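Visitor: The following block contains the structure, expressed as structure tokens.
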Amino acid sequence: MEGPIFESGRTEALPNVSASLWSALAQHLGPEAEAEEEKTRIKWSKGGEYKNYFEWCEETLFIYKKYGLEADFFNNIISKTPFVPGTKETISELRKRGYSIALISGGFKNLANRAITELGIHHVFAAAELFFDDKTKKLTSWNLLPSDYKRKVDFMRMMIEEHGLSAKDCAFIGDGVNDIYLAKEVGLSIAFNARKELQEAATHSINQKEKNLRAVLEYLK
């Protein structure tokens, strides 16, 4: 499971922001930071501009550090990013059905941690964990993990082995093109309000005007 549990395109902290949390943070830091972050996204989308996802994350995080991202704002936007409707009920029901649940995200570990404390998800992997100075409250450093695109499969395989399962025993829910590799790895994959590319790779697709994650329960018996 990955992106579908959080409405990462909007937050209560920045109600008018429709881009990702990465862009929302840059917008908060001002026009110059926003312009620099936008350039990194354009370079990433073109392909070949970065060696890997790590390199894109590093450049973006250096922009945050350069323009003084504060802990208070970051923690506020993380805490107020809403879940997709039906998420808590869906996770609760899956746990009752005996599923062991993992969140594998190309986003912030600080956000993914909420899936542990608020949803009871068993395993969480995410690309970027941010750290702030205790005195200045400014961003100082970060920890990066290769948990996006093809590397998502590596984390999934690790968990499959630890649980003594096979890939065909596992299911996946996702919504982005970065989930295609993982969708092809498992026995059952659900593209939830997803990009066309993922829908074509998944075994099932769900498209809703009003999102509610409970729709996935039909396929996860």
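Scheme for the structure tokens: letters A, B, ... for chains in order shown; per-chain residue numbers from 1; ligand numbers from 1 in order shown.
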Find the residues around Asn193 of chain A up to 8 Å (only C-alpha atoms counted), leave out those fewer than 6 positions away in its own chain, and share them as a list in words.
Guide: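 The residues that qualify are Asp175, Ser205, Ile206, Asn207, Gln208 and Lys211 of chain A.
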Visitor: Got time to write the residues from that selection, C-alpha atoms, as a PDB file, in the first residue's frame?
Guide:
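Contents of out_19.pdb, as written:
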ATOM      1  CA  ASP A 175      -2.103   5.337  -7.562  1.00  0.00           C
ATOM      2  CA  SER A 205      -8.833  -0.650 -11.261  1.00  0.00           C
ATOM      3  CA  ILE A 206     -11.118   1.515  -9.141  1.00  0.00           C
ATOM      4  CA  ASN A 207     -12.155   4.964 -10.369  1.00  0.00           C
ATOM      5  CA  GLN A 208     -14.410   7.124  -8.202  1.00  0.00           C
ATOM      6  CA  LYS A 211     -12.862   8.684  -3.194  1.00  0.00           C
TER       7      LYS A 211
END
Visitor: Using only C-alpha atoms, what does the table of segment 68-147 of chain A residues within 8 Å of segment 42-62 of chain A look like, with each row giving the shortest atom pair and its distance in Å to one decimal, sorted by chain and ascending number, as CSV?
Guide:
residue,atom,partner,partner_atom,distance
A:Ala128,CA,A:Cys57,CA,7.6
A:Leu144,CA,A:Phe54,CA,7.0
A:Leu145,CA,A:Phe54,CA,7.8
A:Pro146,CA,A:Phe54,CA,6.8
Visitor: Would you save the residues of that selection, restricted to N, CA and C atoms, as a PDB file, in the first residue's frame?
Guide:
ATOM      1  N   ALA A 128      12.179   9.844   2.480  1.00  0.00           N
ATOM      2  CA  ALA A 128      12.889  10.964   3.108  1.00  0.00           C
ATOM      3  C   ALA A 128      12.391  11.229   4.519  1.00  0.00           C
ATOM      4  N   LEU A 144      17.725   9.316   3.684  1.00  0.00           N
ATOM      5  CA  LEU A 144      17.057   8.894   2.463  1.00  0.00           C
ATOM      6  C   LEU A 144      17.118   7.378   2.300  1.00  0.00           C
ATOM      7  N   LEU A 145      16.015   6.812   1.853  1.00  0.00           N
ATOM      8  CA  LEU A 145      15.940   5.392   1.520  1.00  0.00           C
ATOM      9  C   LEU A 145      15.468   5.240   0.079  1.00  0.00           C
ATOM     10  N   PRO A 146      15.972   4.237  -0.634  1.00  0.00           N
ATOM     11  CA  PRO A 146      15.556   4.033  -2.029  1.00  0.00           C
ATOM     12  C   PRO A 146      14.213   3.315  -2.100  1.00  0.00           C
TER      13      PRO A 146
END
Visitor: Apply DSSP to the structure's backbone, then extract all residues of segment 7-220 of chain A labelled alpha helix (DSSP H) and return them as a ChimeraX atom specification.
Guide: /A:21-28,31-46,53-66,71-79,87-96,109-119,150-162,180-185,196-201
Visitor: Can you tell me which residues surround Lys152 of chain A at a distance of at most 8 Å, considering only C-alpha atoms, apart from same-chain residues fewer than 6 positions away, and format the answer as a VMD selection string?
Guide: chain A and resid 104 to 105 146 179 181 to 182
Visitor: Next, the residues of the selection above should be written as an mmCIF file, in the first residue's frame with C-alpha atoms.
Guide:
data_model
loop_
_atom_site.group_PDB
_atom_site.id
_atom_site.type_symbol
_atom_site.label_atom_id
_atom_site.label_comp_id
_atom_site.auth_asym_id
_atom_site.auth_seq_id
_atom_site.Cartn_x
_atom_site.Cartn_y
_atom_site.Cartn_z
ATOM 1 C CA ILE A 104 6.045 1.773 0.884
ATOM 2 C CA SER A 105 6.278 5.447 -0.003
ATOM 3 C CA PRO A 146 15.556 4.033 -2.029
ATOM 4 C CA ASP A 179 3.952 1.974 -8.479
ATOM 5 C CA TYR A 181 6.920 -2.145 -10.940
ATOM 6 C CA LEU A 182 5.373 -3.192 -7.645
#
Visitor: Which of these residues is nearest to Ala71 of chain A, using only C-alpha atoms: A:Gln27, A:Ser100, A:Ser92, A:Thr136?
Guide: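 That would be A:Thr136, the residue with the smallest distance to Ala71 of chain A.
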Visitor: Which is closest to Pro85 of chain A among A:Phe6, A:Trp22, A:Phe132, A:Phe192, if we use only C-alpha atoms?
Guide: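 Nearest candidate to Pro85 of chain A out of A:Phe6, A:Trp22, A:Phe132, A:Phe192: A:Phe6.
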Visitor: Of the candidates A:Leu21, A:Ala26, A:Ile180, A:Ile5, which one gets nearest to Val216 of chain A if we count only C-alpha atoms?
Guide: A:Ile5
Visitor: Could you pull the residues within 9 Å of Asn110 of chain A, counting only C-alpha atoms, minus those fewer than 5 positions along the same chain, as a list in words?
Guide: Asn75, Ile78, Ala126, Ala128, Glu129 and Leu130 of chain A
Visitor: Would you list the contacts of Lys88 of chain A as number ranges by chain, taking every protein, DNA or RNA residue within 9 Å and counting only C-alpha atoms, but skipping same-chain residues closer than 5 positions in sequence?
Guide: A: 5, 83, 93, 118-119, 213
Visitor: Given only C-alpha atoms as the basis, pick out the residue of A:Ala194, A:Leu188, A:Leu29, A:Ala115 nearest to Leu220 of chain A.
Guide: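 Using only C-alpha atoms, the shortest distance to Leu220 of chain A belongs to A:Leu188.
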Visitor: Suppose you want the space between atom CA of Ser79 of chain A and atom CA of Met158 of chain A; what is it in Å?
Guide: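 Computing it gives 29.1 Å between the two atoms.
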Visitor: Grab the atom CA of Ile121 of chain A to atom CA of Ala191 of chain A distance for me, in Å with one decimal place.
Guide: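 Rounded to one decimal, the two atoms are 19.8 Å apart.
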Visitor: Which residue, A:Gly98, A:Pro31, A:Pro82, A:Gly164, has the smallest gap to Leu111 of chain A when you use only C-alpha atoms?
Guide: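 Under the stated criterion, the closest residue is A:Pro82.
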Visitor: Any chance you could list, as a ChimeraX atom specification, the residues in segment 10-169 of chain A that come up strand (DSSP E or B) when DSSP is run on the backbone?
Guide: /A:70,83,102-108,123-132,138-144
Visitor: Return the single residue from A:Ala33, A:Cys170, A:Ala202, A:Ala127 that is closest to Gly68 of chain A, with distances computed using only C-alpha atoms.
Guide: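 That would be A:Ala33, the residue with the smallest distance to Gly68 of chain A.
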